[in-house]
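Enquirer: One file is attached below, work-v5.cif, containing mmCIF, C-alpha atoms.
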```cif
data_data
loop_
_atom_site.label_atom_id
_atom_site.label_comp_id
_atom_site.auth_asym_id
_atom_site.auth_seq_id
_atom_site.Cartn_x
_atom_site.Cartn_y
_atom_site.Cartn_z
CA MET A 99 29.45 47.46 4.27
CA VAL A 100 28.00 44.60 6.33
CA GLN A 101 28.70 41.12 4.98
CA THR A 102 25.78 38.71 5.29
CA GLU A 103 26.05 34.95 5.82
CA ALA A 104 25.04 34.46 2.19
CA ASP A 105 27.84 36.79 1.03
CA ALA A 106 30.36 34.91 3.16
CA ALA A 107 29.21 31.58 1.79
CA THR A 108 29.48 32.84 -1.78
CA ALA A 109 32.99 34.15 -1.21
CA ALA A 110 34.09 30.92 0.43
CA ALA A 111 32.71 28.88 -2.42
CA ALA A 112 34.57 31.01 -4.96
CA THR A 113 37.95 30.49 -3.27
CA ALA A 114 37.50 26.84 -2.28
CA PRO A 115 39.15 24.07 -4.32
CA ALA A 116 36.92 22.17 -6.73
CA ALA A 117 34.89 19.57 -4.84
CA THR A 118 34.45 15.98 -5.92
CA ALA A 119 31.21 15.57 -7.89
CA VAL A 120 28.38 14.28 -5.74
CA ASN A 121 26.34 11.43 -7.25
CA PHE A 122 22.89 12.80 -6.49
CA SER A 123 19.93 13.16 -8.79
CA MET A 124 16.17 13.38 -8.37
CA GLU A 125 15.63 12.60 -12.03
CA LEU A 126 14.14 9.25 -12.99
CA ASN A 127 16.37 7.05 -15.11
CA ASP A 128 15.43 5.82 -18.58
CA GLU A 129 14.07 2.48 -17.35
CA GLN A 130 11.90 4.17 -14.74
CA ARG A 131 10.53 6.69 -17.24
CA GLN A 132 9.73 3.94 -19.72
CA MET A 133 7.91 1.93 -17.06
CA GLN A 134 6.06 5.02 -15.90
CA LYS A 135 4.83 5.76 -19.43
CA TRP A 136 3.85 2.15 -20.12
CA VAL A 137 1.79 1.84 -16.95
CA HIS A 138 0.33 5.34 -17.35
CA ASP A 139 -0.83 4.51 -20.88
CA PHE A 140 -2.50 1.33 -19.60
CA ALA A 141 -4.19 3.31 -16.85
CA LYS A 142 -5.37 5.95 -19.33
CA ASP A 143 -6.51 3.62 -22.11
CA VAL A 144 -7.83 0.59 -20.19
CA ILE A 145 -8.50 1.43 -16.53
CA ARG A 146 -10.04 4.91 -16.67
CA PRO A 147 -12.67 4.14 -19.32
CA ALA A 148 -13.88 1.20 -17.19
CA ALA A 149 -13.59 2.79 -13.75
CA HIS A 150 -17.13 4.13 -13.39
CA GLU A 151 -18.73 0.86 -14.49
CA TRP A 152 -16.87 -1.32 -12.00
CA ASP A 153 -17.35 1.16 -9.18
CA GLU A 154 -21.10 0.98 -9.80
CA ARG A 155 -21.08 -2.82 -10.08
CA GLU A 156 -18.96 -3.26 -6.93
CA GLU A 157 -17.40 -6.38 -8.43
CA THR A 158 -13.90 -7.61 -9.17
CA PRO A 159 -13.01 -6.33 -12.68
CA TRP A 160 -11.90 -9.65 -14.12
CA PRO A 161 -11.74 -8.39 -17.76
CA ILE A 162 -9.31 -5.64 -16.71
CA ILE A 163 -7.19 -8.10 -14.72
CA GLU A 164 -7.11 -10.44 -17.71
CA GLU A 165 -6.02 -7.60 -19.98
CA ALA A 166 -3.33 -6.60 -17.49
CA ALA A 167 -2.11 -10.21 -17.38
CA LYS A 168 -1.91 -10.37 -21.19
CA VAL A 169 0.34 -7.31 -21.39
CA GLY A 170 2.39 -8.39 -18.37
CA ILE A 171 1.28 -5.90 -15.72
CA TYR A 172 -0.54 -8.51 -13.63
CA SER A 173 2.26 -11.01 -13.09
CA TRP A 174 4.91 -12.07 -10.62
CA GLU A 175 7.60 -11.11 -13.13
CA PHE A 176 6.27 -7.55 -13.26
CA VAL A 177 6.31 -7.25 -9.47
CA GLN A 178 9.74 -8.91 -9.27
CA ASN A 179 11.22 -6.48 -11.81
CA SER A 180 9.68 -3.54 -10.00
CA PHE A 181 11.07 -4.66 -6.65
CA ALA A 182 14.48 -5.32 -8.25
CA ASP A 183 15.02 -1.62 -8.97
CA PRO A 184 18.09 -0.76 -6.82
CA THR A 185 16.70 2.71 -6.02
CA GLY A 186 13.45 1.33 -4.61
CA LEU A 187 11.43 3.81 -6.67
CA MET A 188 9.89 1.55 -9.30
CA MET A 189 7.08 0.20 -7.10
CA PRO A 190 5.93 3.69 -6.01
CA ILE A 191 6.06 4.84 -9.64
CA VAL A 192 3.92 1.91 -10.80
CA ASN A 193 1.42 2.27 -7.96
CA GLU A 194 0.98 6.00 -8.48
CA GLU A 195 0.14 5.54 -12.15
CA LEU A 196 -2.29 2.65 -11.65
CA PHE A 197 -4.14 4.48 -8.88
CA TRP A 198 -4.17 7.62 -11.00
CA GLY A 199 -6.27 5.45 -13.30
CA ASP A 200 -8.60 4.19 -10.56
CA ALA A 201 -8.09 3.16 -6.94
CA GLY A 202 -10.55 0.25 -6.92
CA ILE A 203 -9.22 -1.33 -10.09
CA GLY A 204 -5.67 -0.50 -9.06
CA LEU A 205 -6.14 -2.40 -5.81
CA SER A 206 -7.64 -5.35 -7.70
CA LEU A 207 -4.46 -5.45 -9.79
CA LEU A 208 -2.06 -4.95 -6.89
CA GLY A 209 -3.89 -6.56 -3.97
CA SER A 210 -2.07 -9.86 -4.54
CA GLY A 211 1.11 -7.97 -3.75
CA LEU A 212 0.08 -7.84 -0.09
CA ALA A 213 0.25 -11.62 0.06
CA VAL A 214 3.59 -11.50 -1.76
CA ALA A 215 4.94 -9.01 0.79
CA GLY A 216 3.82 -11.33 3.58
CA ILE A 217 5.53 -14.34 2.02
CA VAL A 218 8.74 -12.49 1.17
CA GLY A 219 8.84 -10.75 4.56
CA SER A 220 8.42 -13.89 6.69
CA GLY A 221 9.08 -16.90 4.47
CA THR A 222 12.09 -18.92 3.41
CA MET A 223 13.45 -18.79 -0.13
CA GLU A 224 11.84 -22.16 -0.82
CA GLN A 225 8.46 -20.82 0.29
CA VAL A 226 8.87 -17.70 -1.85
CA VAL A 227 9.62 -19.80 -4.91
CA GLU A 228 6.68 -22.13 -4.25
CA TRP A 229 3.91 -19.71 -3.28
CA VAL A 230 4.55 -16.30 -4.81
CA PRO A 231 3.95 -17.34 -8.46
CA GLN A 232 0.62 -18.86 -7.36
CA CYS A 233 -0.51 -15.42 -6.20
CA TYR A 234 -0.71 -14.39 -9.89
CA GLY A 235 -0.98 -17.48 -12.05
CA THR A 236 -0.70 -17.03 -15.80
CA PRO A 237 -2.64 -15.10 -18.46
CA GLU A 238 -4.45 -18.37 -19.22
CA LYS A 239 -5.19 -19.10 -15.55
CA ILE A 240 -5.49 -15.99 -13.40
CA GLN A 241 -4.82 -16.51 -9.69
CA MET A 242 -4.93 -14.16 -6.70
CA GLY A 243 -3.34 -13.71 -3.31
CA ALA A 244 -4.77 -12.27 -0.08
CA PHE A 245 -3.15 -11.12 3.15
CA GLY A 246 -5.07 -11.01 6.41
CA VAL A 247 -4.36 -9.73 9.91
CA SER A 248 -7.41 -7.73 11.06
CA GLU A 249 -10.34 -9.33 12.84
CA PRO A 250 -13.79 -8.09 13.90
CA ASP A 251 -12.40 -7.20 17.36
CA ALA A 252 -8.78 -6.55 16.41
CA GLY A 253 -8.03 -3.73 13.99
CA SER A 254 -5.20 -1.41 14.99
CA ASP A 255 -4.71 -3.50 18.14
CA VAL A 256 -3.10 -6.54 16.52
CA SER A 257 -2.17 -7.92 19.95
CA SER A 258 -5.86 -8.83 20.40
CA LEU A 259 -6.07 -11.45 17.66
CA LYS A 260 -8.41 -14.29 18.60
CA SER A 261 -7.78 -16.56 15.62
CA ARG A 262 -5.61 -19.49 16.66
CA ALA A 263 -3.30 -22.03 15.12
CA VAL A 264 -2.63 -25.26 17.04
CA TYR A 265 0.23 -27.57 16.11
CA ASN A 266 -0.09 -31.36 15.86
CA GLU A 267 3.48 -32.57 16.19
CA ALA A 268 2.64 -36.18 15.35
CA LYS A 269 1.19 -35.20 11.97
CA ASP A 270 3.27 -32.04 11.45
CA GLU A 271 0.07 -30.08 10.82
CA TRP A 272 -1.44 -26.80 11.98
CA THR A 273 -5.18 -26.35 12.51
CA LEU A 274 -6.48 -22.80 12.24
CA ASN A 275 -9.74 -21.38 13.59
CA GLY A 276 -11.12 -17.85 13.65
CA THR A 277 -12.43 -15.03 11.46
CA LYS A 278 -10.42 -12.44 9.56
CA ALA A 279 -12.01 -9.12 8.58
CA TRP A 280 -11.46 -6.45 5.89
CA ILE A 281 -9.40 -8.75 3.68
CA THR A 282 -8.62 -7.61 0.13
CA ASN A 283 -9.42 -10.57 -2.17
CA GLY A 284 -10.60 -12.44 0.91
CA GLY A 285 -12.32 -15.71 0.06
CA ILE A 286 -11.79 -15.38 -3.71
CA ALA A 287 -7.99 -15.61 -3.58
CA ASP A 288 -6.17 -18.80 -4.43
CA VAL A 289 -3.42 -18.22 -1.85
CA HIS A 290 -4.26 -16.71 1.54
CA VAL A 291 -1.49 -15.49 3.86
CA LEU A 292 -2.96 -15.13 7.34
CA VAL A 293 -1.43 -13.95 10.60
CA VAL A 294 -2.85 -15.77 13.63
CA SER A 295 -1.92 -16.37 17.26
CA VAL A 296 0.04 -19.47 18.19
CA GLU A 297 0.75 -18.42 21.79
CA PRO A 298 -1.95 -15.94 22.94
CA GLU A 299 -0.32 -15.07 26.26
CA LEU A 300 2.56 -13.44 24.35
CA GLY A 301 0.25 -11.00 22.57
CA SER A 302 1.55 -9.76 19.23
CA ARG A 303 4.87 -11.55 19.85
CA GLY A 304 3.00 -14.84 19.81
CA HIS A 305 1.81 -14.47 16.22
CA ALA A 306 2.83 -16.44 13.14
CA ALA A 307 2.02 -16.20 9.45
CA PHE A 308 0.67 -19.13 7.46
CA VAL A 309 0.07 -19.82 3.79
CA ILE A 310 -3.31 -21.42 3.12
CA PRO A 311 -2.94 -23.26 -0.22
CA PRO A 312 -5.60 -23.20 -2.96
CA GLY A 313 -8.59 -25.43 -2.26
CA THR A 314 -7.83 -26.01 1.42
CA LYS A 315 -10.88 -27.27 3.30
CA GLY A 316 -12.05 -25.19 6.24
CA LEU A 317 -11.45 -21.79 4.63
CA SER A 318 -14.46 -19.91 3.31
CA GLN A 319 -15.61 -16.39 2.51
CA GLY A 320 -17.76 -14.67 5.10
CA GLN A 321 -19.44 -11.31 4.70
CA LYS A 322 -18.55 -9.28 1.61
CA TYR A 323 -18.38 -5.61 2.59
CA GLN A 324 -20.36 -2.93 0.77
CA LYS A 325 -17.84 -0.09 0.84
CA HIS A 326 -17.80 3.71 0.66
CA GLY A 327 -14.94 3.68 -1.87
CA ILE A 328 -12.50 1.41 -3.78
CA ARG A 329 -15.63 -0.52 -4.69
CA ALA A 330 -14.07 -2.40 -7.62
CA SER A 331 -11.82 -4.16 -5.11
CA HIS A 332 -13.23 -7.22 -3.36
CA THR A 333 -13.13 -6.93 0.46
CA ALA A 334 -14.55 -9.66 2.68
CA GLU A 335 -14.26 -11.75 5.82
CA VAL A 336 -12.30 -15.00 5.75
CA VAL A 337 -13.64 -17.74 8.02
CA LEU A 338 -11.37 -20.52 9.31
CA ASP A 339 -13.18 -23.60 10.60
CA ASP A 340 -10.75 -26.38 11.50
CA CYS A 341 -8.64 -25.35 8.54
CA THR A 342 -5.66 -27.73 8.54
CA VAL A 343 -2.43 -27.09 6.65
CA PRO A 344 0.90 -28.96 6.48
CA GLY A 345 3.80 -27.80 8.63
CA ARG A 346 5.58 -26.43 5.56
CA CYS A 347 2.88 -23.73 5.34
CA LEU A 348 4.21 -21.96 8.43
CA LEU A 349 6.18 -19.05 6.97
CA GLY A 350 9.77 -19.12 8.14
CA GLY A 351 9.50 -22.66 9.48
CA LYS A 352 8.94 -24.24 12.91
CA GLU A 353 12.52 -23.92 14.11
CA LYS A 354 12.58 -20.17 13.53
CA LEU A 355 9.18 -19.77 15.22
CA ASP A 356 10.25 -21.77 18.27
CA ALA A 357 13.38 -19.65 18.67
CA ARG A 358 11.38 -16.43 18.40
CA LEU A 359 8.78 -17.60 20.93
CA ALA A 360 11.54 -18.64 23.34
CA ARG A 361 13.05 -15.16 23.16
CA ALA A 362 9.63 -13.63 23.74
CA ARG A 363 9.03 -15.80 26.82
CA GLU A 364 12.36 -14.63 28.24
CA GLY A 365 11.41 -11.02 27.61
CA LYS A 366 14.05 -10.54 24.92
CA SER A 367 13.41 -8.30 21.94
CA SER A 368 12.40 -9.74 18.59
CA LYS A 369 13.68 -8.43 15.27
CA SER A 370 10.22 -8.31 13.74
CA GLN A 371 6.66 -9.52 14.04
CA ALA A 372 4.74 -11.26 11.26
CA ALA A 373 2.25 -8.45 10.65
CA MET A 374 4.64 -5.55 11.23
CA ALA A 375 7.20 -6.90 8.76
CA THR A 376 4.60 -6.67 6.00
CA PHE A 377 3.27 -3.24 7.01
CA GLU A 378 6.76 -1.73 7.17
CA ALA A 379 7.39 -2.84 3.58
CA THR A 380 4.07 -1.69 2.17
CA ARG A 381 3.46 1.72 3.79
CA PRO A 382 5.47 3.77 1.23
CA VAL A 383 3.72 1.83 -1.54
CA VAL A 384 0.31 2.69 -0.07
CA GLY A 385 1.47 6.30 0.15
CA SER A 386 2.22 6.26 -3.58
CA GLN A 387 -1.30 5.01 -4.24
CA ALA A 388 -2.68 7.99 -2.35
CA VAL A 389 -0.47 10.29 -4.41
CA GLY A 390 -1.99 8.84 -7.60
CA VAL A 391 -5.56 9.54 -6.48
CA ALA A 392 -4.66 13.05 -5.29
CA ARG A 393 -2.88 13.82 -8.57
CA ALA A 394 -5.86 12.66 -10.60
CA ALA A 395 -8.21 14.97 -8.69
CA TYR A 396 -5.80 17.91 -8.87
CA GLU A 397 -5.31 17.60 -12.63
CA TYR A 398 -9.07 17.38 -13.23
CA ALA A 399 -9.77 20.39 -11.01
CA LEU A 400 -7.01 22.42 -12.67
CA ASP A 401 -8.41 21.79 -16.15
CA TYR A 402 -11.93 22.55 -14.94
CA ALA A 403 -10.86 25.82 -13.33
CA LYS A 404 -9.25 26.97 -16.57
CA GLU A 405 -12.39 26.19 -18.59
CA ARG A 406 -15.20 27.11 -16.19
CA VAL A 407 -16.26 30.72 -16.73
CA GLN A 408 -18.14 32.71 -14.10
CA PHE A 409 -18.62 36.49 -13.91
CA GLY A 410 -16.97 36.83 -17.30
CA ARG A 411 -13.66 35.08 -16.58
CA PRO A 412 -12.24 31.58 -15.88
CA ILE A 413 -12.58 30.80 -12.20
CA ILE A 414 -8.84 30.09 -11.92
CA GLU A 415 -8.31 33.85 -12.17
CA ASN A 416 -9.82 34.15 -8.70
CA GLN A 417 -7.25 33.86 -5.90
CA SER A 418 -9.60 31.68 -3.84
CA ILE A 419 -9.43 29.02 -6.56
CA ALA A 420 -5.83 29.53 -7.69
CA PHE A 421 -4.52 29.34 -4.14
CA LYS A 422 -6.39 26.08 -3.52
CA LEU A 423 -4.72 24.59 -6.58
CA ALA A 424 -1.32 25.90 -5.49
CA ASP A 425 -1.71 24.22 -2.08
CA MET A 426 -2.94 21.01 -3.69
CA LYS A 427 0.07 20.80 -6.01
CA THR A 428 2.50 21.59 -3.20
CA SER A 429 1.07 18.87 -0.94
CA ILE A 430 1.10 16.29 -3.74
CA ASP A 431 4.74 16.95 -4.59
CA ALA A 432 5.72 16.88 -0.91
CA SER A 433 3.89 13.57 -0.50
CA ARG A 434 5.68 12.06 -3.46
CA LEU A 435 9.06 13.11 -2.05
CA LEU A 436 8.27 11.54 1.34
CA VAL A 437 7.15 8.34 -0.38
CA ARG A 438 10.22 8.08 -2.58
CA ARG A 439 12.55 8.83 0.33
CA ALA A 440 10.97 6.04 2.39
CA ALA A 441 11.06 3.61 -0.55
CA TRP A 442 14.72 4.42 -1.18
CA MET A 443 15.57 4.00 2.51
CA ALA A 444 13.83 0.65 2.67
CA LYS A 445 15.56 -0.64 -0.47
CA THR A 446 19.04 0.53 0.50
CA GLY A 447 18.81 -0.72 4.08
CA GLN A 448 18.59 2.68 5.75
CA PRO A 449 16.88 2.39 9.15
CA PHE A 450 13.59 4.20 9.69
CA ILE A 451 14.90 6.06 12.73
CA ALA A 452 12.11 8.65 12.70
CA GLY A 453 9.24 6.56 11.33
CA GLU A 454 9.91 7.66 7.77
CA GLY A 455 7.74 4.88 6.30
CA SER A 456 4.82 5.98 8.45
CA MET A 457 5.49 9.63 7.60
CA SER A 458 5.07 8.88 3.91
CA LYS A 459 1.82 7.00 4.36
CA LEU A 460 0.41 9.51 6.85
CA PHE A 461 1.11 12.64 4.83
CA ALA A 462 0.16 11.16 1.45
CA GLY A 463 -3.06 9.65 2.81
CA GLU A 464 -4.22 12.88 4.41
CA THR A 465 -3.18 14.81 1.31
CA ALA A 466 -5.40 12.57 -0.84
CA VAL A 467 -8.39 13.30 1.41
CA LYS A 468 -7.74 17.05 1.42
CA VAL A 469 -6.97 17.36 -2.29
CA THR A 470 -10.02 15.39 -3.44
CA ASP A 471 -12.20 17.43 -1.11
CA GLU A 472 -10.81 20.67 -2.51
CA ALA A 473 -11.27 19.36 -6.05
CA ALA A 474 -14.95 18.74 -5.31
CA GLN A 475 -15.22 22.25 -3.89
CA ILE A 476 -13.70 23.75 -7.05
CA LEU A 477 -16.19 21.84 -9.20
CA GLY A 478 -19.09 22.88 -7.01
CA GLY A 479 -22.21 20.87 -7.76
CA MET A 480 -20.40 18.91 -10.45
CA GLY A 481 -18.04 17.60 -7.80
CA PHE A 482 -20.97 16.06 -5.94
CA VAL A 483 -22.48 14.00 -8.75
CA ARG A 484 -21.30 10.80 -10.40
CA GLU A 485 -21.17 12.49 -13.77
CA THR A 486 -17.57 13.45 -12.98
CA PRO A 487 -14.87 11.17 -11.53
CA VAL A 488 -14.05 13.62 -8.72
CA GLU A 489 -16.97 12.28 -6.70
CA ARG A 490 -15.52 8.76 -6.93
CA TRP A 491 -11.96 9.89 -6.19
CA ARG A 492 -13.19 11.70 -3.10
CA ARG A 493 -14.83 8.50 -1.82
CA ASP A 494 -11.77 6.43 -2.69
CA ALA A 495 -9.34 8.78 -0.94
CA LYS A 496 -10.67 8.16 2.57
CA ILE A 497 -9.33 4.60 2.67
CA PHE A 498 -5.75 5.91 2.77
CA THR A 499 -6.23 7.28 6.27
CA ILE A 500 -7.65 3.92 7.42
CA TYR A 501 -6.11 0.80 5.87
CA GLU A 502 -2.54 -0.40 6.30
CA GLY A 503 -2.54 1.48 9.60
CA THR A 504 -4.78 4.46 10.42
CA SER A 505 -3.42 7.99 10.51
CA GLU A 506 -3.52 7.76 14.28
CA ILE A 507 -1.34 4.65 14.25
CA GLN A 508 1.12 6.32 11.87
CA ARG A 509 1.43 9.26 14.25
CA LEU A 510 1.97 6.83 17.12
CA VAL A 511 4.78 5.08 15.23
CA ILE A 512 6.44 8.39 14.39
CA ALA A 513 6.04 9.75 17.93
CA ARG A 514 7.59 6.64 19.46
CA ALA A 515 10.46 6.76 16.97
CA ILE A 516 11.39 10.40 17.55
CA SER A 517 10.89 10.35 21.34
CA GLY A 518 12.25 6.95 22.26
CA ILE A 519 9.25 6.65 24.58
CA HIS A 520 6.59 3.95 24.37
CA ILE A 521 3.72 6.39 23.89
CA LYS A 522 0.27 4.84 24.25
#
```
What would you get if you wrote out this structure as structure tokens?
Expert:
Amino acid sequence: MVQTEADAATAAAATAPAATAVNFSMELNDEQRQMQKWVHDFAKDVIRPAAHEWDEREETPWPIIEEAAKVGIYSWEFVQNSFADPTGLMMPIVNEELFWGDAGIGLSLLGSGLAVAGIVGSGTMEQVVEWVPQCYGTPEKIQMGAFGVSEPDAGSDVSSLKSRAVYNEAKDEWTLNGTKAWITNGGIADVHVLVVSVEPELGSRGHAAFVIPPGTKGLSQGQKYQKHGIRASHTAEVVLDDCTVPGRCLLGGKEKLDARLARAREGKSSKSQAAMATFEATRPVVGSQAVGVARAAYEYALDYAKERVQFGRPIIENQSIAFKLADMKTSIDASRLLVRRAAWMAKTGQPFIAGEGSMSKLFAGETAVKVTDEAAQILGGMGFVRETPVERWRRDAKIFTIYEGTSEIQRLVIARAISGIHIK
């Protein structure tokens, strides 16, 4: 009788001494499950019923934000508690549920978090304490934050930023000029966190991040974009015209910036760049948002396929439909696992040696596009009209292959990480 590898492994396991228990579990803990249910119920009861209206209006859903602030979902404390989870999973859990409700409204509720990530990623503890609470305000006085890097001529190529900040040493002030593009909450936010060039000849290594306080003269809203999807989220240009801020608004401080610029001039490596530090922290979170949209479309299509009768039987009994749903579910679960792995790695200080953060955003974003497209196909004509939410989810999904780094940029990051070669 021939012994297979599996047989040998089984025999070895049976004779081996008892191993020490391994502390590994993919099950959410009680706190995570409670948070998941609380946010899911808010998404189901408050966000979903309002989603179609605010998508049609293409306006910031202030009543929903106010309701979220009253119950504690729109607040710095909520974000702080979510980030405090030692596993790193709470933020992806929260984002998935809110975007399951609606992507546009979800981004209106979570868009301030981009500014928070910018402040936390580049700022001092004093700056975090001063500015982060002002990105949310209170239930009685709602405030917003915005984070901006992109410009009309600088999207994926952040080294091409034309906006400038010039330092006046005598007054300890910075004067900013330029135009930022595609900014969530741009122009309507109370606190803007903007990445601009302070030494253009150094390219992306000559960038710095600044907080623009509420009411600062010289900052205004430019064009408001009329978008394909996530239409309940405000997206606009931010125009800087001799916008002057105190020296304390430079995130990280002047001394740290000077040291970093000196290293860059000498050709030495820098630990991080202002924009990249924020993107690295937010990519798994964006991936979780894509998972929420994909899951919403999958669940709707599954229910529809069970109820829709053609040729005398539910259409799910046809392999062509059932296999689509099987692939959709598989891709969604795989996306969630990639997202949670990246979030856990980031929280526990594991290095992204193979571009794991980009993997999560890339795969989840492309899954959202594919799953919503397949959901529309399963619904047929009903997937093409605004009578069902699948049409909206399909429009919303496309953003996940574009913002926070396009799919092409994610592949570039991954390719460079696994090859050790500066692929262009």
Enquirer: Using only C-alpha atoms, can you list as number ranges by chain the residues within 7 Å of (-8.9, -27.3, 10.9)?
Expert: A: 273-275, 316, 339-342
Enquirer: Looking at A:Asp425, A:Asp356, A:Glu335, A:Glu228, which one is nearest to Pro311 (chain A), with distances taken over only C-alpha atoms?
Expert: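 Going through A:Asp425, A:Asp356, A:Glu335, A:Glu228 one by one, the smallest distance to Pro311 (chain A) is for A:Glu228.
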Enquirer: Would you kindly return, as a PyMOL selection string, each protein, DNA or RNA residue with an atom no farther than 10 Å from any atom of Gly235 (chain A), considering only C-alpha atoms and excluding same-chain residues fewer than 4 positions away?
Expert: chain A and resi 167+172-174+230-231+239-243+288
Enquirer: Give me, as CSV, each residue of region 189-216 of chain A that comes within 10 Å of region 277-283 of chain A, together with its shortest interatomic pair and the distance in Å at one decimal, counting all atoms listed in the file, with rows ordered by chain and rising residue number.
Expert:
```
residue,atom,partner,partner_atom,distance
A:Leu205,CA,A:Thr282,CA,8.3
A:Ser206,CA,A:Asn283,CA,7.8
A:Leu208,CA,A:Thr282,CA,10.0
A:Gly209,CA,A:Thr282,CA,6.3
A:Ser210,CA,A:Asn283,CA,7.8
A:Leu212,CA,A:Thr282,CA,8.7
A:Ala213,CA,A:Thr282,CA,9.7
```
Enquirer: Mind checking which residues fall within 10 Å of region 188-194 of chain A, counting only C-alpha atoms, ignoring those fewer than 4 positions away in the same chain, and posting them as a PyMOL selection string?
Expert: chain A and resi 126+129-131+133-138+171+176-184+198-201+204-205+207-208+380+382-394+434+437-438+441-442
Enquirer: What would the selection look like, as a ChimeraX atom specification, if the PyMOL selection byres ((chain A and resi 495) around 12) were run on the coordinates I just shared?
Expert: /A:197-198,200-202,326-329,384-385,387-395,462-471,473,488-494,496-501
Enquirer: Mind dumping the selected residues with C-alpha atoms as an mmCIF file, in the coordinates of the input?
Expert:
```cif
data_model
loop_
_atom_site.group_PDB
_atom_site.id
_atom_site.type_symbol
_atom_site.label_atom_id
_atom_site.label_comp_id
_atom_site.auth_asym_id
_atom_site.auth_seq_id
_atom_site.Cartn_x
_atom_site.Cartn_y
_atom_site.Cartn_z
ATOM 1 C CA PHE A 197 -4.140 4.480 -8.880
ATOM 2 C CA TRP A 198 -4.170 7.620 -11.000
ATOM 3 C CA ASP A 200 -8.600 4.190 -10.560
ATOM 4 C CA ALA A 201 -8.090 3.160 -6.940
ATOM 5 C CA GLY A 202 -10.550 0.250 -6.920
ATOM 6 C CA HIS A 326 -17.800 3.710 0.660
ATOM 7 C CA GLY A 327 -14.940 3.680 -1.870
ATOM 8 C CA ILE A 328 -12.500 1.410 -3.780
ATOM 9 C CA ARG A 329 -15.630 -0.520 -4.690
ATOM 10 C CA VAL A 384 0.310 2.690 -0.070
ATOM 11 C CA GLY A 385 1.470 6.300 0.150
ATOM 12 C CA GLN A 387 -1.300 5.010 -4.240
ATOM 13 C CA ALA A 388 -2.680 7.990 -2.350
ATOM 14 C CA VAL A 389 -0.470 10.290 -4.410
ATOM 15 C CA GLY A 390 -1.990 8.840 -7.600
ATOM 16 C CA VAL A 391 -5.560 9.540 -6.480
ATOM 17 C CA ALA A 392 -4.660 13.050 -5.290
ATOM 18 C CA ARG A 393 -2.880 13.820 -8.570
ATOM 19 C CA ALA A 394 -5.860 12.660 -10.600
ATOM 20 C CA ALA A 395 -8.210 14.970 -8.690
ATOM 21 C CA ALA A 462 0.160 11.160 1.450
ATOM 22 C CA GLY A 463 -3.060 9.650 2.810
ATOM 23 C CA GLU A 464 -4.220 12.880 4.410
ATOM 24 C CA THR A 465 -3.180 14.810 1.310
ATOM 25 C CA ALA A 466 -5.400 12.570 -0.840
ATOM 26 C CA VAL A 467 -8.390 13.300 1.410
ATOM 27 C CA LYS A 468 -7.740 17.050 1.420
ATOM 28 C CA VAL A 469 -6.970 17.360 -2.290
ATOM 29 C CA THR A 470 -10.020 15.390 -3.440
ATOM 30 C CA ASP A 471 -12.200 17.430 -1.110
ATOM 31 C CA ALA A 473 -11.270 19.360 -6.050
ATOM 32 C CA VAL A 488 -14.050 13.620 -8.720
ATOM 33 C CA GLU A 489 -16.970 12.280 -6.700
ATOM 34 C CA ARG A 490 -15.520 8.760 -6.930
ATOM 35 C CA TRP A 491 -11.960 9.890 -6.190
ATOM 36 C CA ARG A 492 -13.190 11.700 -3.100
ATOM 37 C CA ARG A 493 -14.830 8.500 -1.820
ATOM 38 C CA ASP A 494 -11.770 6.430 -2.690
ATOM 39 C CA LYS A 496 -10.670 8.160 2.570
ATOM 40 C CA ILE A 497 -9.330 4.600 2.670
ATOM 41 C CA PHE A 498 -5.750 5.910 2.770
ATOM 42 C CA THR A 499 -6.230 7.280 6.270
ATOM 43 C CA ILE A 500 -7.650 3.920 7.420
ATOM 44 C CA TYR A 501 -6.110 0.800 5.870
#
```
Enquirer: Mind giving me the straight-line distance from CA of Val343 (chain A) to CA of Leu292 (chain A) in Å, one decimal?
Expert: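 A separation of 12.0 Å between them.
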Enquirer: Just give me the gap between CA of Trp272 (chain A) and CA of Tyr234 (chain A) in Å, one decimal is fine.
Expert: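 Computing the Euclidean distance for CA of Trp272 (chain A) and CA of Tyr234 (chain A) yields 25.2 Å.
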Enquirer: Between A:Glu271, A:Asp401, A:Glu299, A:Glu175, which one has atoms that come closest to Arg363 (chain A), using all atoms listed in the file?
Expert: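 Going through A:Glu271, A:Asp401, A:Glu299, A:Glu175 one by one, the smallest distance to Arg363 (chain A) is for A:Glu299.
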Enquirer: Determine the nearest neighbour of Phe450 (chain A) from the options A:Val511, A:Glu415, A:Gln324, A:Gln408, counting only C-alpha atoms.
Expert: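 Among the listed residues, the smallest separation from Phe450 (chain A) belongs to A:Val511.
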Enquirer: Residues of region 140-259 of chain A that have any atom at most 8 Å from an atom of region 330-333 of chain A: could you tabulate them with the shortest-distance atom pair and the distance in Å to one decimal, using only C-alpha atoms, ordered by chain and increasing number, as a Markdown table?
Expert:
```
| residue | atom | partner | partner_atom | distance |
| --- | --- | --- | --- | --- |
| A:Trp152 | CA | A:Ala330 | CA | 5.3 |
| A:Asp153 | CA | A:Ala330 | CA | 5.1 |
| A:Arg155 | CA | A:Ala330 | CA | 7.4 |
| A:Glu156 | CA | A:Ala330 | CA | 5.0 |
| A:Glu157 | CA | A:Ala330 | CA | 5.3 |
| A:Thr158 | CA | A:Ala330 | CA | 5.4 |
| A:Pro159 | CA | A:Ala330 | CA | 6.5 |
| A:Gly202 | CA | A:Ala330 | CA | 4.5 |
| A:Ile203 | CA | A:Ala330 | CA | 5.5 |
| A:Leu205 | CA | A:Ser331 | CA | 6.0 |
| A:Ser206 | CA | A:Ser331 | CA | 5.1 |
```
